[in-house]
$ cat protein.cif   # mmCIF, C-alpha atoms and all ligand atoms
data_query
#
loop_
_atom_site.label_atom_id
_atom_site.label_comp_id
_atom_site.auth_asym_id
_atom_site.auth_seq_id
_atom_site.Cartn_x
_atom_site.Cartn_y
_atom_site.Cartn_z
CA MET A 1 6.95 -6.49 21.28
CA LYS A 2 3.23 -6.70 20.57
CA TYR A 3 1.95 -5.12 17.38
CA LEU A 4 -1.40 -4.54 15.70
CA VAL A 5 -1.55 -4.96 11.92
CA THR A 6 -4.73 -3.49 10.45
CA GLY A 7 -5.62 -5.32 7.25
CA GLY A 8 -3.25 -8.05 8.43
CA ALA A 9 -4.92 -10.70 6.25
CA GLY A 10 -4.52 -8.53 3.15
CA PHE A 11 -1.83 -8.65 0.50
CA ILE A 12 0.80 -6.39 2.11
CA GLY A 13 -0.49 -6.81 5.69
CA SER A 14 0.04 -10.58 5.60
CA PHE A 15 3.70 -10.07 4.62
CA VAL A 16 4.21 -7.52 7.41
CA THR A 17 2.58 -9.94 9.88
CA ALA A 18 4.76 -12.87 8.78
CA LYS A 19 7.94 -10.80 9.04
CA LEU A 20 7.03 -9.55 12.52
CA ILE A 21 6.34 -13.10 13.71
CA GLU A 22 9.60 -14.33 12.12
CA ASN A 23 11.35 -11.65 14.17
CA GLY A 24 9.85 -12.92 17.43
CA HIS A 25 7.06 -10.34 17.89
CA SER A 26 3.45 -11.12 18.72
CA VAL A 27 0.83 -9.82 16.32
CA THR A 28 -2.87 -9.04 16.50
CA ILE A 29 -4.69 -8.60 13.21
CA ILE A 30 -7.86 -6.62 12.68
CA ASP A 31 -9.49 -7.43 9.36
CA ASP A 32 -13.04 -7.41 8.02
CA PHE A 33 -12.16 -9.70 5.09
CA SER A 34 -13.61 -7.24 2.60
CA SER A 35 -10.77 -8.05 0.20
CA SER A 36 -9.14 -11.11 1.77
CA THR A 37 -10.08 -14.43 3.34
CA LYS A 38 -9.31 -16.23 6.60
CA GLU A 39 -6.85 -18.43 4.70
CA THR A 40 -4.30 -15.63 4.76
CA VAL A 41 -4.46 -15.06 8.52
CA HIS A 42 -1.10 -16.12 9.96
CA PRO A 43 -1.66 -19.16 12.23
CA LYS A 44 0.36 -17.53 15.04
CA ALA A 45 -1.49 -14.20 14.90
CA THR A 46 -4.45 -13.25 17.09
CA LEU A 47 -7.44 -12.32 14.95
CA VAL A 48 -10.04 -9.67 15.70
CA GLU A 49 -12.63 -9.90 12.94
CA GLY A 50 -14.17 -6.51 12.29
CA SER A 51 -13.86 -3.19 10.57
CA ILE A 52 -11.48 -0.42 11.61
CA LEU A 53 -14.63 1.74 11.52
CA ASP A 54 -16.04 -0.23 14.45
CA PRO A 55 -14.77 1.35 17.71
CA ALA A 56 -15.61 -1.78 19.77
CA ALA A 57 -13.58 -4.08 17.50
CA LEU A 58 -10.73 -1.57 17.47
CA LYS A 59 -10.74 -1.26 21.25
CA LYS A 60 -10.48 -5.03 21.56
CA ALA A 61 -7.68 -5.21 18.99
CA ILE A 62 -5.55 -2.41 20.36
CA GLN A 63 -5.36 -3.37 24.04
CA GLY A 64 -1.80 -3.97 25.25
CA ILE A 65 -0.29 -3.08 21.86
CA ASP A 66 3.11 -1.35 21.51
CA GLY A 67 2.65 -0.07 17.96
CA VAL A 68 0.29 -0.12 14.97
CA PHE A 69 1.00 -0.94 11.32
CA HIS A 70 -1.99 0.57 9.53
CA LEU A 71 -2.63 -1.15 6.20
CA ALA A 72 -6.40 -1.69 6.15
CA ALA A 73 -7.75 0.30 3.21
CA GLU A 74 -9.77 0.52 0.06
CA VAL A 75 -6.84 0.32 -2.39
CA SER A 76 -8.38 0.71 -5.81
CA VAL A 77 -8.41 3.96 -7.80
CA PRO A 78 -11.35 2.93 -10.05
CA ALA A 79 -13.36 1.66 -7.04
CA SER A 80 -12.91 5.10 -5.50
CA MET A 81 -14.27 6.74 -8.63
CA LYS A 82 -17.35 4.54 -8.38
CA ASN A 83 -17.93 4.84 -4.64
CA PRO A 84 -15.93 7.82 -3.31
CA GLN A 85 -17.82 7.91 -0.04
CA LYS A 86 -16.87 4.37 0.92
CA THR A 87 -13.21 4.99 0.07
CA LEU A 88 -13.18 8.17 2.13
CA GLN A 89 -14.88 6.44 5.04
CA VAL A 90 -12.50 3.50 5.23
CA ASN A 91 -9.28 5.34 4.40
CA ALA A 92 -9.78 8.71 6.09
CA LEU A 93 -12.34 8.14 8.86
CA GLY A 94 -10.88 4.67 9.52
CA THR A 95 -7.45 6.23 10.11
CA LEU A 96 -8.97 8.79 12.47
CA ARG A 97 -10.69 6.01 14.44
CA ILE A 98 -7.37 4.19 14.80
CA LEU A 99 -5.68 7.35 16.08
CA GLU A 100 -8.48 7.89 18.58
CA ALA A 101 -8.14 4.29 19.80
CA MET A 102 -4.35 4.72 20.07
CA LYS A 103 -4.79 7.92 22.05
CA SER A 104 -7.20 6.38 24.53
CA GLN A 105 -5.10 3.20 24.96
CA LYS A 106 -1.83 5.19 25.04
CA VAL A 107 -0.28 3.39 22.08
CA ASP A 108 2.93 5.10 21.13
CA LYS A 109 3.61 4.64 17.41
CA ILE A 110 1.97 4.16 14.01
CA VAL A 111 3.45 3.22 10.63
CA TYR A 112 0.93 4.29 8.01
CA SER A 113 0.64 2.94 4.49
CA SER A 114 -0.14 5.86 2.22
CA THR A 115 0.37 6.06 -1.50
CA SER A 116 2.40 7.71 -4.22
CA ALA A 117 -0.97 8.48 -5.83
CA VAL A 118 -1.07 11.61 -3.62
CA TYR A 119 1.54 13.21 -5.93
CA GLY A 120 -0.75 13.14 -8.97
CA ASP A 121 0.98 13.52 -12.33
CA ARG A 122 4.43 15.12 -12.34
CA GLY A 123 5.69 13.86 -15.69
CA GLN A 124 8.66 11.52 -15.64
CA THR A 125 10.56 13.32 -12.88
CA PRO A 126 10.92 11.11 -9.79
CA ASN A 127 8.64 12.27 -6.98
CA THR A 128 10.28 13.63 -3.85
CA GLU A 129 8.38 13.81 -0.58
CA ASP A 130 8.47 17.62 -0.43
CA LEU A 131 6.25 18.06 -3.52
CA THR A 132 2.87 19.62 -2.87
CA PRO A 133 0.32 16.79 -3.19
CA ARG A 134 -2.10 16.93 -6.11
CA PRO A 135 -4.53 14.03 -5.65
CA LEU A 136 -6.34 13.07 -8.87
CA SER A 137 -8.80 10.54 -7.46
CA PRO A 138 -10.94 10.14 -4.33
CA TYR A 139 -8.56 7.29 -3.44
CA ALA A 140 -5.50 9.56 -3.46
CA TYR A 141 -7.40 12.24 -1.58
CA SER A 142 -8.58 9.79 1.10
CA LYS A 143 -5.05 8.54 1.74
CA LEU A 144 -3.77 12.10 1.95
CA GLN A 145 -6.49 12.89 4.46
CA GLY A 146 -5.23 9.93 6.52
CA GLU A 147 -1.70 11.40 6.37
CA TYR A 148 -2.96 14.75 7.64
CA PHE A 149 -4.87 13.15 10.51
CA ILE A 150 -1.70 11.31 11.53
CA LYS A 151 0.43 14.46 11.39
CA THR A 152 -2.18 16.25 13.48
CA TYR A 153 -2.17 13.53 16.15
CA THR A 154 1.64 13.48 16.16
CA HIS A 155 1.60 17.23 16.70
CA LEU A 156 -1.26 17.39 19.21
CA HIS A 157 -0.91 14.15 21.15
CA GLY A 158 2.69 13.05 20.61
CA ILE A 159 1.79 9.81 18.78
CA LYS A 160 4.99 8.89 16.94
CA SER A 161 4.49 8.26 13.24
CA VAL A 162 6.07 7.24 9.97
CA ILE A 163 4.05 7.80 6.79
CA PHE A 164 4.96 5.63 3.82
CA ARG A 165 4.02 6.52 0.27
CA TYR A 166 4.14 3.21 -1.56
CA PHE A 167 4.60 3.05 -5.29
CA ASN A 168 3.13 0.00 -7.10
CA VAL A 169 3.49 -2.97 -4.77
CA PHE A 170 3.44 -6.45 -6.33
CA GLY A 171 4.11 -10.03 -5.23
CA PRO A 172 2.77 -13.51 -4.50
CA GLY A 173 -0.70 -13.64 -3.00
CA GLN A 174 -1.89 -10.55 -4.87
CA LYS A 175 -5.30 -11.42 -6.21
CA PRO A 176 -6.22 -11.16 -9.91
CA ASP A 177 -9.91 -11.95 -9.55
CA SER A 178 -11.54 -8.55 -9.24
CA PRO A 179 -12.01 -5.71 -11.70
CA TYR A 180 -10.12 -3.59 -9.15
CA ALA A 181 -7.09 -5.88 -8.92
CA ALA A 182 -3.60 -4.53 -9.66
CA VAL A 183 -2.10 -4.80 -13.12
CA ILE A 184 0.61 -7.43 -12.51
CA PRO A 185 -1.63 -10.17 -11.02
CA ILE A 186 -4.24 -9.46 -13.72
CA PHE A 187 -1.63 -9.80 -16.48
CA LEU A 188 -0.12 -12.99 -15.01
CA ASP A 189 -3.56 -14.53 -14.69
CA ARG A 190 -4.43 -13.69 -18.30
CA ILE A 191 -1.15 -15.22 -19.48
CA ARG A 192 -1.85 -18.41 -17.52
CA GLN A 193 -5.25 -18.61 -19.22
CA GLN A 194 -3.70 -17.72 -22.61
CA LYS A 195 -5.99 -14.72 -22.86
CA PRO A 196 -5.00 -11.31 -24.28
CA LEU A 197 -3.75 -8.53 -22.00
CA THR A 198 -5.78 -5.32 -21.86
CA ILE A 199 -3.84 -2.07 -21.63
CA PHE A 200 -5.82 1.01 -20.61
CA GLY A 201 -4.49 3.85 -22.76
CA ASP A 202 -1.48 3.62 -25.07
CA GLY A 203 0.73 1.75 -22.58
CA THR A 204 3.29 4.55 -22.24
CA GLN A 205 2.19 5.19 -18.65
CA THR A 206 4.98 4.32 -16.23
CA ARG A 207 4.99 2.71 -12.80
CA ASP A 208 7.66 1.96 -10.19
CA PHE A 209 6.98 -1.64 -9.12
CA ILE A 210 8.26 -2.65 -5.68
CA PHE A 211 8.25 -6.19 -4.34
CA VAL A 212 6.00 -6.82 -1.33
CA ASN A 213 8.70 -8.37 0.85
CA ASP A 214 10.80 -5.21 0.52
CA VAL A 215 7.77 -3.16 1.58
CA ALA A 216 7.31 -5.40 4.64
CA GLN A 217 10.99 -4.93 5.53
CA ALA A 218 10.59 -1.13 5.28
CA ASN A 219 7.67 -1.34 7.74
CA LEU A 220 9.79 -3.12 10.35
CA LEU A 221 12.64 -0.64 9.91
CA ALA A 222 10.20 2.25 10.38
CA MET A 223 8.76 0.84 13.63
CA GLN A 224 12.30 0.53 15.04
CA SER A 225 13.33 4.04 13.95
CA ASP A 226 13.51 6.95 16.37
CA PHE A 227 12.31 9.84 14.20
CA SER A 228 8.68 10.89 13.89
CA GLY A 229 6.27 12.65 11.54
CA GLU A 230 8.29 11.88 8.40
CA VAL A 231 6.78 11.07 4.99
CA ILE A 232 8.91 8.52 3.12
CA ASN A 233 8.62 7.12 -0.42
CA ILE A 234 8.85 3.35 -0.75
CA GLY A 235 9.66 2.34 -4.30
CA THR A 236 12.70 1.16 -6.25
CA GLY A 237 13.64 4.40 -8.00
CA HIS A 238 13.14 2.70 -11.40
CA ALA A 239 9.92 3.07 -13.39
CA ILE A 240 8.92 1.14 -16.50
CA SER A 241 6.09 1.62 -18.96
CA LEU A 242 3.23 -0.86 -19.24
CA LEU A 243 4.41 -1.68 -22.76
CA GLU A 244 7.83 -2.62 -21.33
CA LEU A 245 6.09 -4.67 -18.63
CA THR A 246 4.16 -6.66 -21.24
CA LYS A 247 7.45 -7.41 -23.09
CA LEU A 248 8.73 -9.18 -19.95
CA LEU A 249 5.61 -11.36 -19.94
CA ASN A 250 5.45 -12.48 -23.59
CA PRO A 251 1.69 -12.21 -24.14
CA THR A 252 -0.07 -13.79 -27.09
CA GLN A 253 -2.07 -10.61 -27.75
CA ILE A 254 -2.49 -7.06 -26.41
CA ILE A 255 -5.77 -5.15 -26.58
CA HIS A 256 -5.96 -1.39 -25.94
CA GLU A 257 -8.92 0.19 -24.19
CA PRO A 258 -9.43 3.86 -23.27
CA ALA A 259 -7.33 5.18 -20.37
CA ARG A 260 -8.96 4.86 -16.95
CA GLU A 261 -10.52 7.87 -15.30
CA GLY A 262 -8.34 9.13 -12.44
CA ASP A 263 -5.32 7.20 -13.77
CA ILE A 264 -1.87 8.73 -13.32
CA LEU A 265 0.35 8.83 -16.41
CA HIS A 266 3.80 8.74 -14.85
CA SER A 267 4.81 7.57 -11.40
CA SER A 268 8.38 7.11 -10.24
CA ALA A 269 10.00 7.32 -6.82
CA ASN A 270 12.94 9.22 -5.48
CA ILE A 271 13.99 6.94 -2.57
CA GLU A 272 16.91 8.92 -1.14
CA LYS A 273 14.98 9.64 2.06
CA ALA A 274 14.24 5.94 2.69
CA LYS A 275 17.92 5.18 2.11
CA THR A 276 19.11 7.91 4.46
CA LEU A 277 16.58 7.64 7.29
CA LEU A 278 15.90 3.89 7.26
CA SER A 279 18.98 2.46 5.48
CA PHE A 280 16.36 0.91 3.19
CA THR A 281 17.26 -0.48 -0.21
CA PRO A 282 14.95 -2.77 -2.17
CA LYS A 283 16.44 -6.24 -2.62
CA THR A 284 14.20 -7.84 -5.25
CA THR A 285 14.11 -6.73 -8.89
CA LEU A 286 10.92 -6.73 -10.97
CA GLN A 287 12.14 -9.77 -12.92
CA GLU A 288 12.98 -11.71 -9.73
CA GLY A 289 9.65 -10.78 -8.15
CA LEU A 290 7.70 -11.85 -11.24
CA LYS A 291 9.41 -15.27 -11.11
CA GLU A 292 8.18 -15.73 -7.53
CA MET A 293 4.62 -15.15 -8.77
CA LEU A 294 4.72 -17.77 -11.55
C1 LIG A 301 -1.74 1.18 -7.51
C2 LIG A 301 -2.45 0.55 -6.34
C3 LIG A 301 -2.77 1.59 -5.32
C4 LIG A 301 -1.46 2.28 -4.95
C5 LIG A 301 -0.85 2.92 -6.17
C6 LIG A 301 0.48 3.57 -5.87
C7 LIG A 301 -3.80 -1.48 -6.62
C8 LIG A 301 -5.09 -2.07 -7.08
N1 LIG A 301 -3.67 -0.14 -6.77
O1 LIG A 301 -2.63 2.05 -8.24
O2 LIG A 301 -3.35 1.00 -4.17
O3 LIG A 301 -1.68 3.24 -3.96
O4 LIG A 301 -0.61 1.90 -7.11
O5 LIG A 301 0.85 4.38 -6.93
O6 LIG A 301 -2.93 -2.17 -6.15
N2 LIG A 301 -3.85 -1.29 -16.17
C9 LIG A 301 -3.95 -1.81 -17.44
N3 LIG A 301 -4.58 -3.02 -17.61
C10 LIG A 301 -5.11 -3.71 -16.56
C11 LIG A 301 -5.00 -3.16 -15.25
C12 LIG A 301 -4.38 -1.93 -15.09
O7 LIG A 301 -3.51 -1.21 -18.41
O8 LIG A 301 -5.66 -4.81 -16.78
C13 LIG A 301 -3.12 -0.01 -15.99
C14 LIG A 301 -3.87 1.06 -15.23
O9 LIG A 301 -4.72 1.81 -16.06
C15 LIG A 301 -2.70 1.89 -14.69
C16 LIG A 301 -1.60 0.83 -14.45
O10 LIG A 301 -1.97 -0.29 -15.22
O11 LIG A 301 -2.24 2.81 -15.65
C17 LIG A 301 -1.49 0.42 -13.00
O12 LIG A 301 -2.80 0.15 -12.52
P1 LIG A 301 -3.06 -0.55 -11.11
O13 LIG A 301 -2.23 -1.78 -10.97
O14 LIG A 301 -4.53 -0.65 -10.93
O15 LIG A 301 -2.41 0.47 -10.09
P2 LIG A 301 -2.51 2.06 -9.83
O16 LIG A 301 -3.77 2.63 -10.35
O17 LIG A 301 -1.22 2.64 -10.26
#
$ encode --input "protein.cif" --output "structure tokens" --more "lines below"
Ligand code: UD1
Amino acid sequence: MKYLVTGGAGFIGSFVTAKLIENGHSVTIIDDFSSSTKETVHPKATLVEGSILDPAALKKAIQGIDGVFHLAAEVSVPASMKNPQKTLQVNALGTLRILEAMKSQKVDKIVYSSTSAVYGDRGQTPNTEDLTPRPLSPYAYSKLQGEYFIKTYTHLHGIKSVIFRYFNVFGPGQKPDSPYAAVIPIFLDRIRQQKPLTIFGDGTQTRDFIFVNDVAQANLLAMQSDFSGEVINIGTGHAISLLELTKLLNPTQIIHEPAREGDILHSSANIEKAKTLLSFTPKTTLQEGLKEML
């Protein structure tokens, strides 16, 4: 089959691309390299360089495609606090543009990467997909808007869809070198440089960390599935606090700074739906995944 991976040079997109190619599929990538470089473009993938907001680039990328894995996004919560309009444009309007391109080129199916951030703060109870979303940041809102556009196009135009709500994805290739980078690559980089780790808040906030290869596997399972319009959590079902995370890493020093605006306190996944509908179970533990990043 021939698939389009939006953001295919990015952290998760490059793993999805590699797994598709390993499985004998052909892949086109559309990427504007806003948070990645050409080095992470798979050598066997076809590249369309451009933004998902550019209809001409999208049209070129989507021709002859059997299905779309939509991962191109602004992924940072703090970046969305600083520039909400950009986040909304890329994540919400960008998703709409992809759906429009799919409709006009008669592309049948989309697997969409949304986020557990749409749940907001629910305490330590694992989030189930039927909870009413309570986005706490423009980032969470923009991803939720993307979900709603997809559901609308599934309903109106019969585009088949699977909507994933990822918890905290980590793994090799995740960049530490931006103020908007994710916590694990930042911490590992600081440890390498023998610098102290900074925890925003008291460190009791919890996250459910899922290894990137497991997320890529879930994407392939979703594309092969025959249901549509479902929202599915992708996490491990186990959350740990940031203080517990730092214990696994043995830092020389920990510094506390005020909690980040828009930050969620507790985030943990109920993954029964992924198990039932996709026969998905994560294979890599946090400890195993961290070793692959060292
Ligand atoms: C992350 C993802 C987001 C995804 C969401 C799913 C990134 C950049 N963000 O958001 O795309 O949709 O999970 O729930 O991948 N922290 C520190 N010190 C640091 C860096 C972060 O204490 O140096 C804290 C943050 O304040 C936060 C936690 O670590 O409490 C996780 O932060 P981060 O890795 O940025 O991820 P999320 O905001 O959870």
$ residues_around --input "protein.cif" --residues "Phe170 of chain A" --least-positions-apart "2" --cutoff "9 Å" --atoms "only C-alpha atoms" --output "NGL selection string"
:A and (11-12 or 168 or 172-174 or 182-185 or 209-212 or 286 or 289-290)
$ residues_near_ligand --input "protein.cif" --ligand "ligand LIG 301 (chain A)" --cutoff "7 Å" --atoms "all atoms listed in the file" --output "PyMOL selection string"
chain A and resi 75-77+114-117+166-169+180-184+186-187+197-201+203+205+207+242+259-260+263-265+267
$ atom_distance --input "protein.cif" --atom1 "atom CA of Gly229 of chain A" --atom2 "atom CA of Met102 of chain A"
15.8 Å
$ residues_around --input "protein.cif" --residues "Ser51 of chain A" --least-positions-apart "2" --cutoff "9 Å" --atoms "only C-alpha atoms" --output "PDB file with C-alpha atoms, in the coordinates of the input"
ATOM      1  CA  ILE A  30      -7.860  -6.620  12.680  1.00  0.00           C
ATOM      2  CA  ASP A  31      -9.490  -7.430   9.360  1.00  0.00           C
ATOM      3  CA  ASP A  32     -13.040  -7.410   8.020  1.00  0.00           C
ATOM      4  CA  PHE A  33     -12.160  -9.700   5.090  1.00  0.00           C
ATOM      5  CA  SER A  34     -13.610  -7.240   2.600  1.00  0.00           C
ATOM      6  CA  GLU A  49     -12.630  -9.900  12.940  1.00  0.00           C
ATOM      7  CA  LEU A  53     -14.630   1.740  11.520  1.00  0.00           C
ATOM      8  CA  ASP A  54     -16.040  -0.230  14.450  1.00  0.00           C
ATOM      9  CA  PRO A  55     -14.770   1.350  17.710  1.00  0.00           C
ATOM     10  CA  ALA A  57     -13.580  -4.080  17.500  1.00  0.00           C
ATOM     11  CA  LEU A  58     -10.730  -1.570  17.470  1.00  0.00           C
ATOM     12  CA  ALA A  72      -6.400  -1.690   6.150  1.00  0.00           C
ATOM     13  CA  VAL A  90     -12.500   3.500   5.230  1.00  0.00           C
ATOM     14  CA  GLY A  94     -10.880   4.670   9.520  1.00  0.00           C
TER      15      GLY A  94
END
$ closest_residue --input "protein.cif" --among "A:Thr285, A:Gln85, A:Ser104, A:Thr28" --to "His157 of chain A" --atoms "only C-alpha atoms"
A:Ser104
$ closest_residue --input "protein.cif" --among "A:Met81, A:Leu248, A:Ala216, A:Ala274" --to "Ile234 of chain A" --atoms "only C-alpha atoms"
A:Ala274
$ residues_around --input "protein.cif" --residues "Gly8 of chain A" --least-positions-apart "4" --cutoff "12 Å" --atoms "only C-alpha atoms" --output "number ranges by chain"
A: 3-4, 12-20, 27-43, 45-52, 61, 68-73, 216
$ closest_residue --input "protein.cif" --among "A:Ser178, A:Ser228, A:Gln253, A:Gln89" --to "Gly158 of chain A" --atoms "only C-alpha atoms"
A:Ser228
$ residues_near_point --input "protein.cif" --point "(18.2, 3.6, 1.6)" --cutoff "12 Å" --atoms "all atoms listed in the file" --output "VMD selection string"
chain A and resid 214 217 to 218 221 to 222 232 to 237 270 to 283
$ residues_around --input "protein.cif" --residues "Gln105 of chain A" --least-positions-apart "4" --cutoff "12 Å" --atoms "all atoms listed in the file" --output "tab-separated table (two decimals) with C-alpha atoms, in the frame of the given file"
chain	number	residue	atom	x	y	z
A	58	LEU	CA	-10.73	-1.57	17.47
A	59	LYS	CA	-10.74	-1.26	21.25
A	60	LYS	CA	-10.48	-5.03	21.56
A	61	ALA	CA	-7.68	-5.21	18.99
A	62	ILE	CA	-5.55	-2.41	20.36
A	63	GLN	CA	-5.36	-3.37	24.04
A	64	GLY	CA	-1.80	-3.97	25.25
A	65	ILE	CA	-0.29	-3.08	21.86
A	66	ASP	CA	3.11	-1.35	21.51
A	67	GLY	CA	2.65	-0.07	17.96
A	68	VAL	CA	0.29	-0.12	14.97
A	98	ILE	CA	-7.37	4.19	14.80
A	99	LEU	CA	-5.68	7.35	16.08
A	100	GLU	CA	-8.48	7.89	18.58
A	101	ALA	CA	-8.14	4.29	19.80
A	109	LYS	CA	3.61	4.64	17.41
A	159	ILE	CA	1.79	9.81	18.78
$ closest_residue --input "protein.cif" --among "A:Gly146, A:Gly120, A:Gly24, A:Pro138" --to "Thr87 of chain A" --atoms "all atoms listed in the file"
A:Pro138
$ atom_distance --input "protein.cif" --atom1 "atom CA of Ala79 of chain A" --atom2 "atom CA of Glu244 of chain A"
25.9 Å
$ atom_distance --input "protein.cif" --atom1 "atom CA of Asn250 of chain A" --atom2 "atom CA of Glu292 of chain A"
16.6 Å
$ closest_residue --input "protein.cif" --among "A:Ile240, A:Ile150, A:Met1, A:Val231" --to "Leu93 of chain A" --atoms "all atoms listed in the file"
A:Ile150
$ closest_residue --input "protein.cif" --among "A:Ser268, A:Asp226, A:Ala140, A:Glu257" --to "Asn127 of chain A" --atoms "only C-alpha atoms"
A:Ser268
$ decode --input "protein.cif" --residues "segment 85-92 of chain A" --atoms "all heavy atoms" --output "PDB file, in the first residue's frame"
ATOM      1  N   GLN A  85      -1.912  31.295  18.319  1.00  0.00           N
ATOM      2  CA  GLN A  85      -2.447  31.344  16.957  1.00  0.00           C
ATOM      3  C   GLN A  85      -1.718  30.374  16.031  1.00  0.00           C
ATOM      4  O   GLN A  85      -2.331  29.676  15.232  1.00  0.00           O
ATOM      5  CB  GLN A  85      -2.330  32.765  16.429  1.00  0.00           C
ATOM      6  CG  GLN A  85      -3.148  32.963  15.184  1.00  0.00           C
ATOM      7  CD  GLN A  85      -3.328  34.436  14.872  1.00  0.00           C
ATOM      8  OE1 GLN A  85      -3.492  35.253  15.778  1.00  0.00           O
ATOM      9  NE2 GLN A  85      -3.274  34.774  13.617  1.00  0.00           N
ATOM     10  N   LYS A  86      -0.400  30.315  16.189  1.00  0.00           N
ATOM     11  CA  LYS A  86       0.380  29.407  15.334  1.00  0.00           C
ATOM     12  C   LYS A  86      -0.005  27.949  15.625  1.00  0.00           C
ATOM     13  O   LYS A  86      -0.180  27.140  14.710  1.00  0.00           O
ATOM     14  CB  LYS A  86       1.882  29.626  15.580  1.00  0.00           C
ATOM     15  CG  LYS A  86       2.708  28.814  14.622  1.00  0.00           C
ATOM     16  CD  LYS A  86       4.165  29.147  14.644  1.00  0.00           C
ATOM     17  CE  LYS A  86       4.907  28.270  13.650  1.00  0.00           C
ATOM     18  NZ  LYS A  86       6.182  27.799  14.160  1.00  0.00           N
ATOM     19  N   THR A  87      -0.119  27.630  16.907  1.00  0.00           N
ATOM     20  CA  THR A  87      -0.485  26.257  17.281  1.00  0.00           C
ATOM     21  C   THR A  87      -1.844  25.898  16.699  1.00  0.00           C
ATOM     22  O   THR A  87      -2.040  24.812  16.146  1.00  0.00           O
ATOM     23  CB  THR A  87      -0.499  26.115  18.821  1.00  0.00           C
ATOM     24  OG1 THR A  87       0.817  26.376  19.302  1.00  0.00           O
ATOM     25  CG2 THR A  87      -0.921  24.729  19.252  1.00  0.00           C
ATOM     26  N   LEU A  88      -2.792  26.813  16.799  1.00  0.00           N
ATOM     27  CA  LEU A  88      -4.138  26.547  16.297  1.00  0.00           C
ATOM     28  C   LEU A  88      -4.123  26.385  14.776  1.00  0.00           C
ATOM     29  O   LEU A  88      -4.786  25.508  14.219  1.00  0.00           O
ATOM     30  CB  LEU A  88      -5.081  27.681  16.706  1.00  0.00           C
ATOM     31  CG  LEU A  88      -6.556  27.353  16.555  1.00  0.00           C
ATOM     32  CD1 LEU A  88      -6.989  26.295  17.548  1.00  0.00           C
ATOM     33  CD2 LEU A  88      -7.414  28.594  16.727  1.00  0.00           C
ATOM     34  N   GLN A  89      -3.317  27.225  14.128  1.00  0.00           N
ATOM     35  CA  GLN A  89      -3.232  27.147  12.668  1.00  0.00           C
ATOM     36  C   GLN A  89      -2.701  25.791  12.214  1.00  0.00           C
ATOM     37  O   GLN A  89      -3.305  25.128  11.386  1.00  0.00           O
ATOM     38  CB  GLN A  89      -2.285  28.226  12.173  1.00  0.00           C
ATOM     39  CG  GLN A  89      -2.981  29.213  11.309  1.00  0.00           C
ATOM     40  CD  GLN A  89      -2.033  30.282  10.825  1.00  0.00           C
ATOM     41  OE1 GLN A  89      -0.872  30.343  11.215  1.00  0.00           O
ATOM     42  NE2 GLN A  89      -2.535  31.130   9.975  1.00  0.00           N
ATOM     43  N   VAL A  90      -1.558  25.412  12.763  1.00  0.00           N
ATOM     44  CA  VAL A  90      -0.929  24.157  12.308  1.00  0.00           C
ATOM     45  C   VAL A  90      -1.785  22.958  12.706  1.00  0.00           C
ATOM     46  O   VAL A  90      -2.058  22.076  11.894  1.00  0.00           O
ATOM     47  CB  VAL A  90       0.500  24.024  12.889  1.00  0.00           C
ATOM     48  CG1 VAL A  90       1.110  22.677  12.519  1.00  0.00           C
ATOM     49  CG2 VAL A  90       1.392  25.155  12.395  1.00  0.00           C
ATOM     50  N   ASN A  91      -2.222  22.918  13.965  1.00  0.00           N
ATOM     51  CA  ASN A  91      -2.869  21.700  14.466  1.00  0.00           C
ATOM     52  C   ASN A  91      -4.339  21.588  14.052  1.00  0.00           C
ATOM     53  O   ASN A  91      -4.802  20.490  13.746  1.00  0.00           O
ATOM     54  CB  ASN A  91      -2.755  21.630  15.990  1.00  0.00           C
ATOM     55  CG  ASN A  91      -1.299  21.492  16.442  1.00  0.00           C
ATOM     56  OD1 ASN A  91      -0.393  21.392  15.616  1.00  0.00           O
ATOM     57  ND2 ASN A  91      -1.072  21.505  17.739  1.00  0.00           N
ATOM     58  N   ALA A  92      -5.062  22.691  14.060  1.00  0.00           N
ATOM     59  CA  ALA A  92      -6.489  22.610  13.733  1.00  0.00           C
ATOM     60  C   ALA A  92      -6.715  22.852  12.235  1.00  0.00           C
ATOM     61  O   ALA A  92      -7.197  21.976  11.509  1.00  0.00           O
ATOM     62  CB  ALA A  92      -7.273  23.610  14.577  1.00  0.00           C
TER      63      ALA A  92
END
